[in-house]
Every structure is written in C-alpha cells, then in structure tokens.
Amino acid sequence: MRGYGQFVADSLQRPLRDLRISVTDRCNLRCTYCMPREAFDEHSFLPRAELLNFEEIERLARSFIQLGVQKIRLTGGEPLLRRGVERLIESLARLHTREGKPVEVALTTNAVLLAKKAQALKDAGLARITASLDGLTDETFRHMSDSDVSVRTVLDGIAAAQRVGLAPVKVNMVVRRGVNDHEIIPMAGHFRNSGVVLRFIEFMDVGCTNGWCMDDVVPAREILEKINSRYPVLQADPNYTGEVAERWRYADGGGEVGVIASVTQAFCHECTRARLSTDGKLYTCLFASNGADLRGPLRTGATDQMLTNLIAGKWEQRFDRYSQLRHAATERPREKIEMSYIGG
C-alpha cells in the first residue's frame with residue numbers, strides 16, 4: 001500500500017498539483033452555458049446531509065496535499081452561497097504543502113455577493129479570486145445569466161475585492177458567437193489599466209444541457225485578432241507549468257489579457273487538476289462521466305492513510321484527455337457531469 005510522502009503521477013505522467021473543491025451545487029444565476037433554466041428550474045439539489053461538511057473537506061484536502069497538491073480553488077455552483085465559507089477558507093489557508101509553503105487558496109465566484117463578503121474572505125486568508133462576467137451591458141449580461149442581476153452588482157464586487165487586497169483579480173468571460181462576442185472589445189477596453197486580468201474562455205461542451213455546438217465557439221485566435229486590432233498585444237510567458245490560460249500583455253503597458261482555448265487548443269497533456277464534488281466524489285476531468293466516492297469511506301471509518309491511498313490509486317489510473325479526443329472520429333457522444341455539480 002502507498003504510504004505518506006509520495007507524489008503521484010497519472011498514466012500519462014501528469015502530476016497532481018491542483019484541487020478544485022465544489023462547496024455547493026446551488027447558484028443564484030442561471031447562466032445558459034452552465035445551469036440553463038429549462039434544465040434546472042425543476043432540478044433537485046443535494047440535501048444538506050449529503051454535502052461534505054467543512055471538517056470533512058479539510059481532512060480530504062490534507063490527503064490531496066500529501067500527494068502533491070499546492071493550490072486549492074473553491075467553486076460551486078456559487079461558493080459564496082455556502083454558509084460560513086469563510087470558516088472553511090480559514091482552515092484551508094492554514095495548511096502547508098509538502099515543501100512547507102502555505103497552500104494557496106483561491107475562489108471562483110459570479111460576484112453577486114462579493115461586495116458584501118470581500119473583506120471577510122480576505123481576512124480568512126483567501127489568496128486570489130476570479131469573478132465571472134460575460135458582458136458589460138445589462139442586456140447582454142442578463143441574456144447570458146438569465147437573471148435580473150445588474151452588471152453594476154458584479155462590477156461593485158470586483159471593485160470591493162481589489163479594494164481589500166485580493167489582487168490581481170481575474171475576470172472570466174465565456175464567449176458565445178452571436179450572443180456576447182460583440183462585447184469582446186468593450187470588455188477589453190473596460191479592464192485595461194485597471195489591474196484586473198481579463199480572460200476569455202471558449203464556449204465548452206461541459207455537461208449535457210447547454211446546447212453546445214462548434215458553430216457557437218469563437219476560437220481564441222479570433223478573439224486575440226479582434227483585441228490586437230484595437231489594442232496591440234504581445235505574448236507573455238506562462239506563470240507556471242500547466243497554466244491553462246495563454247497570457248498576452250498590452251504593448252502599451254495597459255496590463256494583460258488571457259485566453260483559455262480548451263476547444264481549439266486542448267491542453268490536456270499538461271492538466272494537473274483533480275476535482276472534489278459537493279458530495280465527496282473525486283473527478284479527474286471536467287468532462288468526466290463518473291467519479292470515485294470518497295465520502296463513503298470517510299464516513300465509515302477510513303484512516304487518513306487509507307484515504308490518501310484511495311486518492312492516489314484513482315489518480316494513477318487516470319488517462320483523461322477528452323478535449324484532445326473531442327473531434328476524433330472514434331469519440332462517441334456520452335453523458336458528462338454538469339459543471340454546476342463538479343465545479344468549473
């Protein structure tokens with residue numbers, strides 16, 4: 001059996017470095033690419049007893065860290081809907097990597113509640129925050145989010161995060177052709193010289209409810225060409241090996257922008273992410289069909305070493321590379337876990 005203190009690699013020699021933890025499957029928006037209203041208005045969300053509690057999350061996080069995890073990101077659903085999430089952040093921020101460095105704890109949010117919570121998140125030890133914003137006009141934003149929330153609410157949340165020192169704030173924009181691609185340049189213009197890092201994400205076929213088709217995808221190359229035509233950009237080196245966003249900086253020093261091209265430029269070969277669902281299942285790919293149950297062993301007496309060995313065994317069997325196979329003739333359509341359940 002595997003003991004403590006050993007790093008793991010999967011069948012393609014990819015190490016385990018990043019852990020995404022979904023703390024709730026609920027959300028206060030109904031974004032069309034994630035939780036379309038027609039599929040989720042009658043959806044039964046997980047009862048509280050099935051969710052991992054904070055102590056269980058921390059215990060599993062320790063096992064992942066023993067195997068090499070250095071960064072933890074809290075996701076959802078909308079993680080700020082989870083009552084007391086600041087307490088979880090505080091406990092995770094006290095953990096240390098195998099090298100003795102503090103574990104970096106980050107969070108992805110739609111920012112609807114961020115203005116009220118930014119200071120508490122910072123005080124709890126949150127290192128970084130990423131906000132989602134798919135358009136600058138209320139018309140576009142409301143169309144993408146299928147909600148009555150205003151853009152000003154999100155922008156106020158982003159400003160609050162900057163004000164308390166959660167910087168640099170990153171903003172993700174999912175781009176869908178014919179829906180919000182006309183806002184690429186306005187978004188770039190708005191966040192230039194602001195200290196915010198704006199990242200454009202190709203519309204992905206996550207889950208089975210968002211009506212994805214390739215015709216709706218605006219390739220990263222096209223996005224960059226549009227930006228470069230208005231604001232010239234130069235490519236920048238990645239911050240670390242396996243970074244999913246391709247970085248570009250404005251030639252005039254106005255900051256940086258990124259593109260995440262998981263459809264047209266798959267980066268599966270460098271993926272180091274594991275995902276822990278709200279109810280304690282381990283998923284080794286965003287496009288997975290099933291996960292490994294960790295909650296069951298956790299609640300029936302498994303020791304820390306048993307949990308670590310279980311996680312290690314699942315990672316070592318990993319061979320996921322969905323995005324590289326998406327367009328292969330041999331790839332058959334299959335059921336995939338919804339992003340609102342597994343986390344983005």
# chains A, B, ... in the order shown; residues from 1 in each chain; ligands from 1
>>> closest_atom_pairs(of="segment 225-312 of chain A", to="segment 74-82 of chain A", cutoff="12 Å", atoms="only C-alpha atoms", output="tab-separated table")
residue	atom	partner	partner_atom	distance
A:Arg275	CA	A:Thr75	CA	9.7
A:Leu276	CA	A:Leu74	CA	9.7
A:Ser277	CA	A:Gly76	CA	8.5
A:Thr278	CA	A:Gly76	CA	7.8
A:Asp279	CA	A:Gly76	CA	11.5
>>> select_by_dssp(residues="segment 80-283 of chain A", states="strand (DSSP E)", output="number ranges by chain")
A: 104-109, 128-132, 170-175, 197-202, 233-235, 246-250, 256-260, 273-276, 281-283
>>> write_last_selection(atoms="C-alpha atoms", output="short mmCIF file (atom, residue, chain, number, x, y, z; two decimals), in the first residue's frame")
data_model
loop_
_atom_site.label_atom_id
_atom_site.label_comp_id
_atom_site.auth_asym_id
_atom_site.auth_seq_id
_atom_site.Cartn_x
_atom_site.Cartn_y
_atom_site.Cartn_z
CA GLU A 104 -2.71 28.83 -1.97
CA VAL A 105 -6.48 29.10 -1.53
CA ALA A 106 -8.47 30.76 -4.32
CA LEU A 107 -12.15 31.07 -5.16
CA THR A 108 -14.25 31.47 -8.30
CA THR A 109 -17.49 33.44 -7.96
CA ARG A 128 -6.89 35.04 -5.04
CA ILE A 129 -10.33 35.48 -6.52
CA THR A 130 -11.75 35.03 -10.01
CA ALA A 131 -15.07 36.62 -10.98
CA SER A 132 -17.29 35.68 -13.91
CA LYS A 170 -9.15 37.83 -12.58
CA VAL A 171 -12.34 38.13 -14.60
CA ASN A 172 -13.52 35.30 -16.83
CA MET A 173 -15.75 35.92 -19.85
CA VAL A 174 -17.27 32.92 -21.63
CA VAL A 175 -17.66 33.91 -25.29
CA VAL A 197 -6.65 40.36 -15.59
CA LEU A 198 -9.39 39.65 -18.13
CA ARG A 199 -9.56 36.14 -19.59
CA PHE A 200 -11.72 35.00 -22.49
CA ILE A 201 -12.94 31.38 -22.42
CA GLU A 202 -14.08 29.40 -25.43
CA VAL A 233 -0.78 42.69 -27.61
CA LEU A 234 2.43 40.72 -27.14
CA GLN A 235 2.60 37.14 -25.90
CA GLU A 246 -2.40 31.72 -22.61
CA ARG A 247 -1.13 35.12 -21.43
CA TRP A 248 -0.83 38.27 -23.52
CA ARG A 249 0.19 41.75 -22.39
CA TYR A 250 -0.81 45.06 -23.93
CA GLU A 256 -2.61 41.73 -19.52
CA VAL A 257 -5.31 39.59 -21.04
CA GLY A 258 -5.63 35.83 -21.41
CA VAL A 259 -7.43 33.24 -23.48
CA ILE A 260 -8.48 29.74 -22.42
CA ARG A 273 -6.28 19.21 -11.71
CA ALA A 274 -8.42 16.98 -9.57
CA ARG A 275 -11.99 17.90 -8.67
CA LEU A 276 -13.88 17.14 -5.48
CA LYS A 281 -16.75 12.34 -5.28
CA LEU A 282 -13.34 12.59 -6.93
CA TYR A 283 -13.37 13.53 -10.62
#
>>> atom_distance(atom1="atom CA of Val112 of chain A", atom2="atom CA of Asp148 of chain A")
11.2 Å
>>> atom_distance(atom1="atom CA of Gln265 of chain A", atom2="atom CA of Met204 of chain A")
12.1 Å
